[in-house]
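Below is upload_24.cif, holding mmCIF, N, CA and C atoms.
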```cif
data_protein
loop_
_atom_site.group_PDB
_atom_site.id
_atom_site.type_symbol
_atom_site.label_atom_id
_atom_site.label_comp_id
_atom_site.auth_asym_id
_atom_site.auth_seq_id
_atom_site.Cartn_x
_atom_site.Cartn_y
_atom_site.Cartn_z
ATOM 1 N N MET A 1307 -88.121 -19.009 52.275
ATOM 2 C CA MET A 1307 -88.305 -19.436 50.905
ATOM 3 C C MET A 1307 -89.386 -18.603 50.214
ATOM 4 N N LEU A 1308 -90.464 -18.328 50.916
ATOM 5 C CA LEU A 1308 -91.543 -17.540 50.333
ATOM 6 C C LEU A 1308 -91.094 -16.117 50.043
ATOM 7 N N ILE A 1309 -90.290 -15.548 50.941
ATOM 8 C CA ILE A 1309 -89.770 -14.199 50.721
ATOM 9 C C ILE A 1309 -88.927 -14.190 49.452
ATOM 10 N N ARG A 1310 -88.058 -15.164 49.322
ATOM 11 C CA ARG A 1310 -87.189 -15.280 48.150
ATOM 12 C C ARG A 1310 -88.022 -15.314 46.869
ATOM 13 N N THR A 1311 -89.064 -16.132 46.852
ATOM 14 C CA THR A 1311 -89.906 -16.274 45.672
ATOM 15 C C THR A 1311 -90.544 -14.951 45.287
ATOM 16 N N HIS A 1312 -91.099 -14.251 46.271
ATOM 17 C CA HIS A 1312 -91.749 -12.963 46.004
ATOM 18 C C HIS A 1312 -90.745 -11.936 45.482
ATOM 19 N N ILE A 1313 -89.592 -11.844 46.120
ATOM 20 C CA ILE A 1313 -88.611 -10.830 45.716
ATOM 21 C C ILE A 1313 -88.037 -11.141 44.337
ATOM 22 N N LEU A 1314 -87.703 -12.407 44.082
ATOM 23 C CA LEU A 1314 -87.151 -12.747 42.773
ATOM 24 C C LEU A 1314 -88.164 -12.548 41.644
ATOM 25 N N ALA A 1315 -89.444 -12.657 41.943
ATOM 26 C CA ALA A 1315 -90.452 -12.391 40.921
ATOM 27 C C ALA A 1315 -90.404 -10.921 40.489
ATOM 28 N N LEU A 1316 -90.047 -10.054 41.417
ATOM 29 C CA LEU A 1316 -89.975 -8.617 41.123
ATOM 30 C C LEU A 1316 -88.576 -8.155 40.722
ATOM 31 N N HIS A 1317 -87.563 -8.852 41.217
ATOM 32 C CA HIS A 1317 -86.164 -8.481 40.968
ATOM 33 C C HIS A 1317 -85.342 -9.729 40.624
ATOM 34 N N PRO A 1318 -85.566 -10.300 39.439
ATOM 35 C CA PRO A 1318 -84.852 -11.531 39.089
ATOM 36 C C PRO A 1318 -83.337 -11.356 39.001
ATOM 37 N N GLU A 1319 -82.878 -10.128 38.894
ATOM 38 C CA GLU A 1319 -81.440 -9.865 38.793
ATOM 39 C C GLU A 1319 -80.730 -9.883 40.153
ATOM 40 N N TRP A 1320 -81.483 -9.895 41.236
ATOM 41 C CA TRP A 1320 -80.876 -9.877 42.570
ATOM 42 C C TRP A 1320 -80.314 -11.249 42.931
ATOM 43 N N LEU A 1321 -79.173 -11.244 43.587
ATOM 44 C CA LEU A 1321 -78.602 -12.464 44.146
ATOM 45 C C LEU A 1321 -79.139 -12.603 45.561
ATOM 46 N N ILE A 1322 -79.756 -13.744 45.856
ATOM 47 C CA ILE A 1322 -80.340 -13.957 47.173
ATOM 48 C C ILE A 1322 -79.696 -15.188 47.800
ATOM 49 N N SER A 1323 -79.182 -15.006 49.002
ATOM 50 C CA SER A 1323 -78.586 -16.095 49.766
ATOM 51 C C SER A 1323 -79.465 -16.361 50.981
ATOM 52 N N GLU A 1324 -79.411 -17.577 51.505
ATOM 53 C CA GLU A 1324 -80.234 -17.927 52.651
ATOM 54 C C GLU A 1324 -79.401 -18.555 53.754
ATOM 55 N N ALA A 1325 -79.770 -18.258 54.983
ATOM 56 C CA ALA A 1325 -79.133 -18.846 56.163
ATOM 57 C C ALA A 1325 -80.190 -19.620 56.932
ATOM 58 N N VAL A 1326 -79.762 -20.679 57.615
ATOM 59 C CA VAL A 1326 -80.724 -21.506 58.344
ATOM 60 C C VAL A 1326 -80.843 -21.138 59.817
ATOM 61 N N CYS A 1327 -79.893 -20.331 60.304
ATOM 62 C CA CYS A 1327 -79.949 -19.924 61.704
ATOM 63 C C CYS A 1327 -79.313 -18.536 61.850
ATOM 64 N N GLY A 1328 -79.491 -17.936 63.000
ATOM 65 C CA GLY A 1328 -78.968 -16.599 63.233
ATOM 66 C C GLY A 1328 -77.464 -16.514 63.081
ATOM 67 N N GLU A 1329 -76.753 -17.504 63.589
ATOM 68 C CA GLU A 1329 -75.291 -17.508 63.473
ATOM 69 C C GLU A 1329 -74.849 -17.577 62.016
ATOM 70 N N ASP A 1330 -75.544 -18.401 61.231
ATOM 71 C CA ASP A 1330 -75.224 -18.498 59.803
ATOM 72 C C ASP A 1330 -75.522 -17.184 59.080
ATOM 73 N N ALA A 1331 -76.567 -16.493 59.494
ATOM 74 C CA ALA A 1331 -76.897 -15.205 58.884
ATOM 75 C C ALA A 1331 -75.761 -14.202 59.108
ATOM 76 N N ILE A 1332 -75.237 -14.179 60.317
ATOM 77 C CA ILE A 1332 -74.123 -13.271 60.621
ATOM 78 C C ILE A 1332 -72.909 -13.627 59.770
ATOM 79 N N GLU A 1333 -72.592 -14.916 59.684
ATOM 80 C CA GLU A 1333 -71.442 -15.354 58.884
ATOM 81 C C GLU A 1333 -71.650 -15.035 57.407
ATOM 82 N N LEU A 1334 -72.857 -15.263 56.912
ATOM 83 C CA LEU A 1334 -73.165 -14.974 55.517
ATOM 84 C C LEU A 1334 -72.956 -13.486 55.222
ATOM 85 N N VAL A 1335 -73.424 -12.628 56.110
ATOM 86 C CA VAL A 1335 -73.250 -11.183 55.922
ATOM 87 C C VAL A 1335 -71.767 -10.815 55.976
ATOM 88 N N ASP A 1336 -71.024 -11.412 56.899
ATOM 89 C CA ASP A 1336 -69.582 -11.166 56.971
ATOM 90 C C ASP A 1336 -68.896 -11.512 55.650
ATOM 91 N N ASN A 1337 -69.327 -12.592 55.023
ATOM 92 C CA ASN A 1337 -68.688 -13.062 53.792
ATOM 93 C C ASN A 1337 -69.191 -12.362 52.533
ATOM 94 N N GLU A 1338 -70.478 -12.026 52.489
ATOM 95 C CA GLU A 1338 -71.068 -11.515 51.250
ATOM 96 C C GLU A 1338 -71.345 -10.013 51.248
ATOM 97 N N ARG A 1339 -71.445 -9.412 52.405
ATOM 98 C CA ARG A 1339 -71.711 -7.977 52.541
ATOM 99 C C ARG A 1339 -72.880 -7.499 51.662
ATOM 100 N N PRO A 1340 -74.062 -8.018 51.917
ATOM 101 C CA PRO A 1340 -75.222 -7.625 51.096
ATOM 102 C C PRO A 1340 -75.664 -6.196 51.403
ATOM 103 N N ASP A 1341 -76.450 -5.645 50.498
ATOM 104 C CA ASP A 1341 -77.055 -4.327 50.718
ATOM 105 C C ASP A 1341 -78.291 -4.449 51.591
ATOM 106 N N TYR A 1342 -79.009 -5.563 51.430
ATOM 107 C CA TYR A 1342 -80.283 -5.769 52.105
ATOM 108 C C TYR A 1342 -80.323 -7.160 52.726
ATOM 109 N N CYS A 1343 -81.144 -7.279 53.769
ATOM 110 C CA CYS A 1343 -81.260 -8.556 54.455
ATOM 111 C C CYS A 1343 -82.672 -8.682 55.023
ATOM 112 N N THR A 1344 -83.262 -9.859 54.884
ATOM 113 C CA THR A 1344 -84.520 -10.168 55.562
ATOM 114 C C THR A 1344 -84.272 -11.378 56.439
ATOM 115 N N MET A 1345 -84.965 -11.433 57.551
ATOM 116 C CA MET A 1345 -84.867 -12.617 58.391
ATOM 117 C C MET A 1345 -86.110 -12.759 59.242
ATOM 118 N N ASP A 1346 -86.312 -13.966 59.708
ATOM 119 C CA ASP A 1346 -87.421 -14.243 60.606
ATOM 120 C C ASP A 1346 -86.955 -13.955 62.031
ATOM 121 N N ILE A 1347 -87.854 -13.488 62.864
ATOM 122 C CA ILE A 1347 -87.495 -13.230 64.254
ATOM 123 C C ILE A 1347 -87.167 -14.533 64.983
ATOM 124 N N ASN A 1348 -87.866 -15.618 64.613
ATOM 125 C CA ASN A 1348 -87.653 -16.930 65.246
ATOM 126 C C ASN A 1348 -86.771 -17.789 64.369
ATOM 127 N N MET A 1349 -85.487 -17.776 64.671
ATOM 128 C CA MET A 1349 -84.528 -18.603 63.945
ATOM 129 C C MET A 1349 -83.867 -19.548 64.944
ATOM 130 N N PRO A 1350 -83.412 -20.702 64.483
ATOM 131 C CA PRO A 1350 -82.645 -21.561 65.387
ATOM 132 C C PRO A 1350 -81.392 -20.826 65.866
ATOM 133 N N GLY A 1351 -80.915 -21.182 67.036
ATOM 134 C CA GLY A 1351 -79.747 -20.479 67.595
ATOM 135 C C GLY A 1351 -80.173 -19.113 68.081
ATOM 136 N N ILE A 1352 -79.382 -18.106 67.768
ATOM 137 C CA ILE A 1352 -79.768 -16.758 68.205
ATOM 138 C C ILE A 1352 -80.933 -16.262 67.358
ATOM 139 N N SER A 1353 -81.760 -15.423 67.934
ATOM 140 C CA SER A 1353 -82.958 -14.946 67.232
ATOM 141 C C SER A 1353 -82.586 -14.045 66.062
ATOM 142 N N GLY A 1354 -83.537 -13.878 65.161
ATOM 143 C CA GLY A 1354 -83.335 -12.956 64.046
ATOM 144 C C GLY A 1354 -83.082 -11.544 64.526
ATOM 145 N N THR A 1355 -83.742 -11.158 65.616
ATOM 146 C CA THR A 1355 -83.538 -9.817 66.168
ATOM 147 C C THR A 1355 -82.115 -9.663 66.692
ATOM 148 N N ASP A 1356 -81.633 -10.660 67.440
ATOM 149 C CA ASP A 1356 -80.265 -10.592 67.948
ATOM 150 C C ASP A 1356 -79.250 -10.609 66.809
ATOM 151 N N ALA A 1357 -79.492 -11.439 65.800
ATOM 152 C CA ALA A 1357 -78.590 -11.488 64.646
ATOM 153 C C ALA A 1357 -78.579 -10.144 63.921
ATOM 154 N N ALA A 1358 -79.761 -9.568 63.716
ATOM 155 C CA ALA A 1358 -79.846 -8.265 63.036
ATOM 156 C C ALA A 1358 -79.088 -7.191 63.817
ATOM 157 N N GLU A 1359 -79.248 -7.203 65.128
ATOM 158 C CA GLU A 1359 -78.558 -6.210 65.952
ATOM 159 C C GLU A 1359 -77.036 -6.364 65.826
ATOM 160 N N GLN A 1360 -76.556 -7.606 65.845
ATOM 161 C CA GLN A 1360 -75.109 -7.838 65.700
ATOM 162 C C GLN A 1360 -74.621 -7.422 64.315
ATOM 163 N N ILE A 1361 -75.392 -7.750 63.298
ATOM 164 C CA ILE A 1361 -75.014 -7.383 61.926
ATOM 165 C C ILE A 1361 -74.930 -5.865 61.793
ATOM 166 N N LEU A 1362 -75.952 -5.175 62.276
ATOM 167 C CA LEU A 1362 -75.982 -3.717 62.125
ATOM 168 C C LEU A 1362 -74.936 -3.011 62.982
ATOM 169 N N SER A 1363 -74.474 -3.645 64.049
ATOM 170 C CA SER A 1363 -73.407 -3.036 64.834
ATOM 171 C C SER A 1363 -72.094 -3.039 64.047
ATOM 172 N N LYS A 1364 -71.939 -4.011 63.143
ATOM 173 C CA LYS A 1364 -70.728 -4.098 62.315
ATOM 174 C C LYS A 1364 -70.903 -3.426 60.953
ATOM 175 N N TYR A 1365 -72.112 -3.487 60.421
ATOM 176 C CA TYR A 1365 -72.386 -2.987 59.070
ATOM 177 C C TYR A 1365 -73.646 -2.116 59.097
ATOM 178 N N PRO A 1366 -73.538 -0.910 59.593
ATOM 179 C CA PRO A 1366 -74.731 -0.072 59.799
ATOM 180 C C PRO A 1366 -75.442 0.372 58.520
ATOM 181 N N LEU A 1367 -74.845 0.190 57.368
ATOM 182 C CA LEU A 1367 -75.500 0.612 56.126
ATOM 183 C C LEU A 1367 -76.389 -0.458 55.509
ATOM 184 N N ILE A 1368 -76.300 -1.692 56.010
ATOM 185 C CA ILE A 1368 -77.181 -2.750 55.518
ATOM 186 C C ILE A 1368 -78.592 -2.468 56.025
ATOM 187 N N LYS A 1369 -79.565 -2.635 55.167
ATOM 188 C CA LYS A 1369 -80.964 -2.472 55.556
ATOM 189 C C LYS A 1369 -81.546 -3.847 55.859
ATOM 190 N N ILE A 1370 -82.064 -4.000 57.077
ATOM 191 C CA ILE A 1370 -82.594 -5.300 57.512
ATOM 192 C C ILE A 1370 -84.067 -5.175 57.868
ATOM 193 N N VAL A 1371 -84.839 -6.113 57.340
ATOM 194 C CA VAL A 1371 -86.250 -6.249 57.681
ATOM 195 C C VAL A 1371 -86.409 -7.588 58.392
ATOM 196 N N ILE A 1372 -87.054 -7.542 59.552
ATOM 197 C CA ILE A 1372 -87.303 -8.747 60.336
ATOM 198 C C ILE A 1372 -88.791 -9.082 60.222
ATOM 199 N N PHE A 1373 -89.084 -10.303 59.812
ATOM 200 C CA PHE A 1373 -90.468 -10.758 59.704
ATOM 201 C C PHE A 1373 -90.854 -11.508 60.969
ATOM 202 N N SER A 1374 -92.079 -11.268 61.436
ATOM 203 C CA SER A 1374 -92.556 -11.950 62.632
ATOM 204 C C SER A 1374 -94.073 -11.977 62.679
ATOM 205 N N ALA A 1375 -94.598 -13.070 63.203
ATOM 206 C CA ALA A 1375 -96.031 -13.141 63.487
ATOM 207 C C ALA A 1375 -96.329 -12.475 64.830
ATOM 208 N N ASN A 1376 -95.296 -12.262 65.628
ATOM 209 C CA ASN A 1376 -95.423 -11.656 66.955
ATOM 210 C C ASN A 1376 -95.095 -10.168 66.864
ATOM 211 N N ILE A 1377 -96.089 -9.368 66.526
ATOM 212 C CA ILE A 1377 -95.865 -7.946 66.288
ATOM 213 C C ILE A 1377 -96.282 -7.138 67.512
ATOM 214 N N GLN A 1378 -95.553 -7.314 68.571
ATOM 215 C CA GLN A 1378 -95.788 -6.501 69.763
ATOM 216 C C GLN A 1378 -94.981 -5.211 69.634
ATOM 217 N N GLU A 1379 -95.477 -4.172 70.232
ATOM 218 C CA GLU A 1379 -94.798 -2.879 70.148
ATOM 219 C C GLU A 1379 -93.378 -2.948 70.708
ATOM 220 N N THR A 1380 -93.157 -3.767 71.710
ATOM 221 C CA THR A 1380 -91.797 -3.889 72.267
ATOM 222 C C THR A 1380 -90.829 -4.450 71.229
ATOM 223 N N HIS A 1381 -91.275 -5.380 70.403
ATOM 224 C CA HIS A 1381 -90.426 -5.933 69.348
ATOM 225 C C HIS A 1381 -90.155 -4.887 68.272
ATOM 226 N N ARG A 1382 -91.188 -4.128 67.917
ATOM 227 C CA ARG A 1382 -91.015 -3.057 66.921
ATOM 228 C C ARG A 1382 -90.008 -2.009 67.416
ATOM 229 N N LYS A 1383 -90.173 -1.602 68.677
ATOM 230 C CA LYS A 1383 -89.270 -0.597 69.241
ATOM 231 C C LYS A 1383 -87.843 -1.103 69.286
ATOM 232 N N ARG A 1384 -87.671 -2.356 69.666
ATOM 233 C CA ARG A 1384 -86.314 -2.907 69.722
ATOM 234 C C ARG A 1384 -85.688 -2.916 68.335
ATOM 235 N N ALA A 1385 -86.426 -3.353 67.332
ATOM 236 C CA ALA A 1385 -85.893 -3.377 65.966
ATOM 237 C C ALA A 1385 -85.507 -1.969 65.512
ATOM 238 N N ARG A 1386 -86.374 -0.999 65.766
ATOM 239 C CA ARG A 1386 -86.071 0.389 65.384
ATOM 240 C C ARG A 1386 -84.874 0.934 66.142
ATOM 241 N N SER A 1387 -84.669 0.480 67.388
ATOM 242 C CA SER A 1387 -83.579 1.014 68.214
ATOM 243 C C SER A 1387 -82.202 0.738 67.620
ATOM 244 N N PHE A 1388 -82.079 -0.318 66.825
ATOM 245 C CA PHE A 1388 -80.782 -0.589 66.211
ATOM 246 C C PHE A 1388 -80.814 -0.457 64.689
ATOM 247 N N GLY A 1389 -81.878 0.158 64.155
ATOM 248 C CA GLY A 1389 -81.890 0.518 62.740
ATOM 249 C C GLY A 1389 -82.554 -0.458 61.797
ATOM 250 N N SER A 1390 -83.439 -1.287 62.309
ATOM 251 C CA SER A 1390 -84.158 -2.257 61.479
ATOM 252 C C SER A 1390 -85.652 -1.966 61.577
ATOM 253 N N ILE A 1391 -86.441 -2.709 60.835
ATOM 254 C CA ILE A 1391 -87.893 -2.631 60.998
ATOM 255 C C ILE A 1391 -88.451 -4.042 61.113
ATOM 256 N N LEU A 1392 -89.623 -4.125 61.708
ATOM 257 C CA LEU A 1392 -90.337 -5.387 61.865
ATOM 258 C C LEU A 1392 -91.547 -5.354 60.942
ATOM 259 N N VAL A 1393 -91.760 -6.420 60.186
ATOM 260 C CA VAL A 1393 -92.888 -6.523 59.265
ATOM 261 C C VAL A 1393 -93.697 -7.756 59.656
ATOM 262 N N ALA A 1394 -95.009 -7.588 59.658
ATOM 263 C CA ALA A 1394 -95.908 -8.663 60.090
ATOM 264 C C ALA A 1394 -95.981 -9.802 59.076
ATOM 265 N N LYS A 1395 -95.996 -11.011 59.614
ATOM 266 C CA LYS A 1395 -96.298 -12.200 58.828
ATOM 267 C C LYS A 1395 -97.805 -12.372 58.835
ATOM 268 N N PRO A 1396 -98.375 -13.071 57.917
ATOM 269 C CA PRO A 1396 -97.718 -13.887 56.922
ATOM 270 C C PRO A 1396 -97.084 -13.046 55.814
ATOM 271 N N VAL A 1397 -96.155 -13.666 55.099
ATOM 272 C CA VAL A 1397 -95.517 -13.005 53.970
ATOM 273 C C VAL A 1397 -96.542 -12.926 52.849
ATOM 274 N N THR A 1398 -96.796 -11.708 52.416
ATOM 275 C CA THR A 1398 -97.772 -11.454 51.358
ATOM 276 C C THR A 1398 -97.159 -10.476 50.364
ATOM 277 N N GLU A 1399 -97.866 -10.222 49.294
ATOM 278 C CA GLU A 1399 -97.397 -9.206 48.350
ATOM 279 C C GLU A 1399 -97.290 -7.849 49.045
ATOM 280 N N ALA A 1400 -98.208 -7.565 49.952
ATOM 281 C CA ALA A 1400 -98.182 -6.278 50.666
ATOM 282 C C ALA A 1400 -96.966 -6.177 51.590
ATOM 283 N N SER A 1401 -96.647 -7.261 52.303
ATOM 284 C CA SER A 1401 -95.488 -7.193 53.197
ATOM 285 C C SER A 1401 -94.184 -7.133 52.408
ATOM 286 N N ILE A 1402 -94.139 -7.772 51.257
ATOM 287 C CA ILE A 1402 -92.952 -7.671 50.398
ATOM 288 C C ILE A 1402 -92.846 -6.253 49.841
ATOM 289 N N ALA A 1403 -93.967 -5.653 49.462
ATOM 290 C CA ALA A 1403 -93.940 -4.264 48.976
ATOM 291 C C ALA A 1403 -93.416 -3.330 50.060
ATOM 292 N N LEU A 1404 -93.854 -3.537 51.298
ATOM 293 C CA LEU A 1404 -93.365 -2.725 52.410
ATOM 294 C C LEU A 1404 -91.854 -2.905 52.581
ATOM 295 N N THR A 1405 -91.401 -4.128 52.465
ATOM 296 C CA THR A 1405 -89.975 -4.438 52.569
ATOM 297 C C THR A 1405 -89.183 -3.740 51.463
ATOM 298 N N LEU A 1406 -89.649 -3.870 50.241
ATOM 299 C CA LEU A 1406 -88.943 -3.260 49.122
ATOM 300 C C LEU A 1406 -88.968 -1.740 49.188
ATOM 301 N N ASP A 1407 -90.059 -1.176 49.689
ATOM 302 C CA ASP A 1407 -90.127 0.277 49.903
ATOM 303 C C ASP A 1407 -89.080 0.718 50.907
ATOM 304 N N TYR A 1408 -88.923 -0.045 51.979
ATOM 305 C CA TYR A 1408 -87.920 0.265 52.999
ATOM 306 C C TYR A 1408 -86.521 0.189 52.386
ATOM 307 N N PHE A 1409 -86.271 -0.828 51.581
ATOM 308 C CA PHE A 1409 -84.976 -0.937 50.927
ATOM 309 C C PHE A 1409 -84.740 0.239 49.976
ATOM 310 N N ALA A 1410 -85.757 0.604 49.201
ATOM 311 C CA ALA A 1410 -85.623 1.707 48.226
ATOM 312 C C ALA A 1410 -85.378 3.038 48.923
ATOM 313 N N ASP A 1411 -85.995 3.241 50.085
ATOM 314 C CA ASP A 1411 -85.808 4.493 50.822
ATOM 315 C C ASP A 1411 -84.391 4.649 51.332
ATOM 316 N N SER A 1412 -83.639 3.561 51.335
ATOM 317 C CA SER A 1412 -82.282 3.613 51.869
ATOM 318 C C SER A 1412 -81.273 4.086 50.841
ATOM 319 N N LYS A 1413 -81.682 4.199 49.609
ATOM 320 C CA LYS A 1413 -80.734 4.589 48.548
ATOM 321 C C LYS A 1413 -80.447 6.064 48.592
#
```

As structure tokens - that is how I would like this structure written.
Amino acid sequence: MLIRTHILALHPEWLISEAVCGEDAIELVDNERPDYCTMDINMPGISGTDAAEQILSKYPLIKIVIFSANIQETHRKRARSFGSILVAKPVTEASIALTLDYFADSK
């Protein structure tokens, strides 16, 4: 919810959808085919990292940012290995700027 608020403040024209668990995130992407995706590493069901990996295996052009308070190098490396990035929580203006920069670099 906080991510949504920050992004919509900067990009009110963007359509933002939310999923409550990793499985729902995958289904949402299958149905909506977004350009960008953010998710938490700790989601009910499958983790945000596992969901991101599955999404990117099907849709490699989607840019995904995974937010986590657990910023271990192993998590960062895993996210990079399948084409995503990990951004540290808490969600702040700086972490949203990093996210939006990553999205902009993909154009």

Run the PyMOL selection byres (((chain A and resi 1340 and name CA) around 10) and name CA) against the file shown and list the residues it catches, as JSON, numbers by chain.
{"A": [1321, 1322, 1323, 1334, 1335, 1336, 1337, 1338, 1339, 1341, 1342, 1343, 1365, 1367, 1368, 1369]}

Among chain A, which ones does DSSP place in alpha helix (DSSP H), written as a PyMOL selection string?
chain A and resi 1308-1316+1328-1338+1354-1364+1379-1387+1399-1411

Quick one: apply the PyMOL selection byres ((chain A and resi 1371) around 7) to the file and drop the selected residues here as a list in words.
Tyr1342, Cys1343, Thr1344, Met1345, Asp1346, Lys1369, Ile1370, Ile1372, Phe1373, Ser1390, Ile1391, Leu1392, Val1393 and Thr1405 of chain A

Selection to disk with N, CA and C atoms, as a PDB file, in the frame of the given file:
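Output file out_30.pdb follows:
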```
ATOM      1  N   TYR A1342     -79.009  -5.563  51.430  1.00  0.00           N
ATOM      2  CA  TYR A1342     -80.283  -5.769  52.105  1.00  0.00           C
ATOM      3  C   TYR A1342     -80.323  -7.160  52.726  1.00  0.00           C
ATOM      4  N   CYS A1343     -81.144  -7.279  53.769  1.00  0.00           N
ATOM      5  CA  CYS A1343     -81.260  -8.556  54.455  1.00  0.00           C
ATOM      6  C   CYS A1343     -82.672  -8.682  55.023  1.00  0.00           C
ATOM      7  N   THR A1344     -83.262  -9.859  54.884  1.00  0.00           N
ATOM      8  CA  THR A1344     -84.520 -10.168  55.562  1.00  0.00           C
ATOM      9  C   THR A1344     -84.272 -11.378  56.439  1.00  0.00           C
ATOM     10  N   MET A1345     -84.965 -11.433  57.551  1.00  0.00           N
ATOM     11  CA  MET A1345     -84.867 -12.617  58.391  1.00  0.00           C
ATOM     12  C   MET A1345     -86.110 -12.759  59.242  1.00  0.00           C
ATOM     13  N   ASP A1346     -86.312 -13.966  59.708  1.00  0.00           N
ATOM     14  CA  ASP A1346     -87.421 -14.243  60.606  1.00  0.00           C
ATOM     15  C   ASP A1346     -86.955 -13.955  62.031  1.00  0.00           C
ATOM     16  N   LYS A1369     -79.565  -2.635  55.167  1.00  0.00           N
ATOM     17  CA  LYS A1369     -80.964  -2.472  55.556  1.00  0.00           C
ATOM     18  C   LYS A1369     -81.546  -3.847  55.859  1.00  0.00           C
ATOM     19  N   ILE A1370     -82.064  -4.000  57.077  1.00  0.00           N
ATOM     20  CA  ILE A1370     -82.594  -5.300  57.512  1.00  0.00           C
ATOM     21  C   ILE A1370     -84.067  -5.175  57.868  1.00  0.00           C
ATOM     22  N   ILE A1372     -87.054  -7.542  59.552  1.00  0.00           N
ATOM     23  CA  ILE A1372     -87.303  -8.747  60.336  1.00  0.00           C
ATOM     24  C   ILE A1372     -88.791  -9.082  60.222  1.00  0.00           C
ATOM     25  N   PHE A1373     -89.084 -10.303  59.812  1.00  0.00           N
ATOM     26  CA  PHE A1373     -90.468 -10.758  59.704  1.00  0.00           C
ATOM     27  C   PHE A1373     -90.854 -11.508  60.969  1.00  0.00           C
ATOM     28  N   SER A1390     -83.439  -1.287  62.309  1.00  0.00           N
ATOM     29  CA  SER A1390     -84.158  -2.257  61.479  1.00  0.00           C
ATOM     30  C   SER A1390     -85.652  -1.966  61.577  1.00  0.00           C
ATOM     31  N   ILE A1391     -86.441  -2.709  60.835  1.00  0.00           N
ATOM     32  CA  ILE A1391     -87.893  -2.631  60.998  1.00  0.00           C
ATOM     33  C   ILE A1391     -88.451  -4.042  61.113  1.00  0.00           C
ATOM     34  N   LEU A1392     -89.623  -4.125  61.708  1.00  0.00           N
ATOM     35  CA  LEU A1392     -90.337  -5.387  61.865  1.00  0.00           C
ATOM     36  C   LEU A1392     -91.547  -5.354  60.942  1.00  0.00           C
ATOM     37  N   VAL A1393     -91.760  -6.420  60.186  1.00  0.00           N
ATOM     38  CA  VAL A1393     -92.888  -6.523  59.265  1.00  0.00           C
ATOM     39  C   VAL A1393     -93.697  -7.756  59.656  1.00  0.00           C
ATOM     40  N   THR A1405     -91.401  -4.128  52.465  1.00  0.00           N
ATOM     41  CA  THR A1405     -89.975  -4.438  52.569  1.00  0.00           C
ATOM     42  C   THR A1405     -89.183  -3.740  51.463  1.00  0.00           C
TER      43      THR A1405
END
```

Min atom-atom distance to Asn1348 in chain A from the set A:Ala1385, A:Ala1375, A:Leu1406, A:Ala1315, counting only C-alpha atoms, belongs to A:Ala1375

Which value, in Å to one decimal, gives the distance between CA of His1312 in chain A and CA of Ile1402 in chain A?
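Interatomic distance, CA of His1312 in chain A to CA of Ile1402 in chain A: 7.0 Å.
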
Point-to-point distance in Å for CA of Ile1352 in chain A and atom C of Phe1409 in chain A:
25.4 Å

So which bits of chain A end up strand (DSSP E) when you DSSP the backbone, as a PyMOL selection string?
chain A and resi 1342-1346+1369-1374+1391-1394
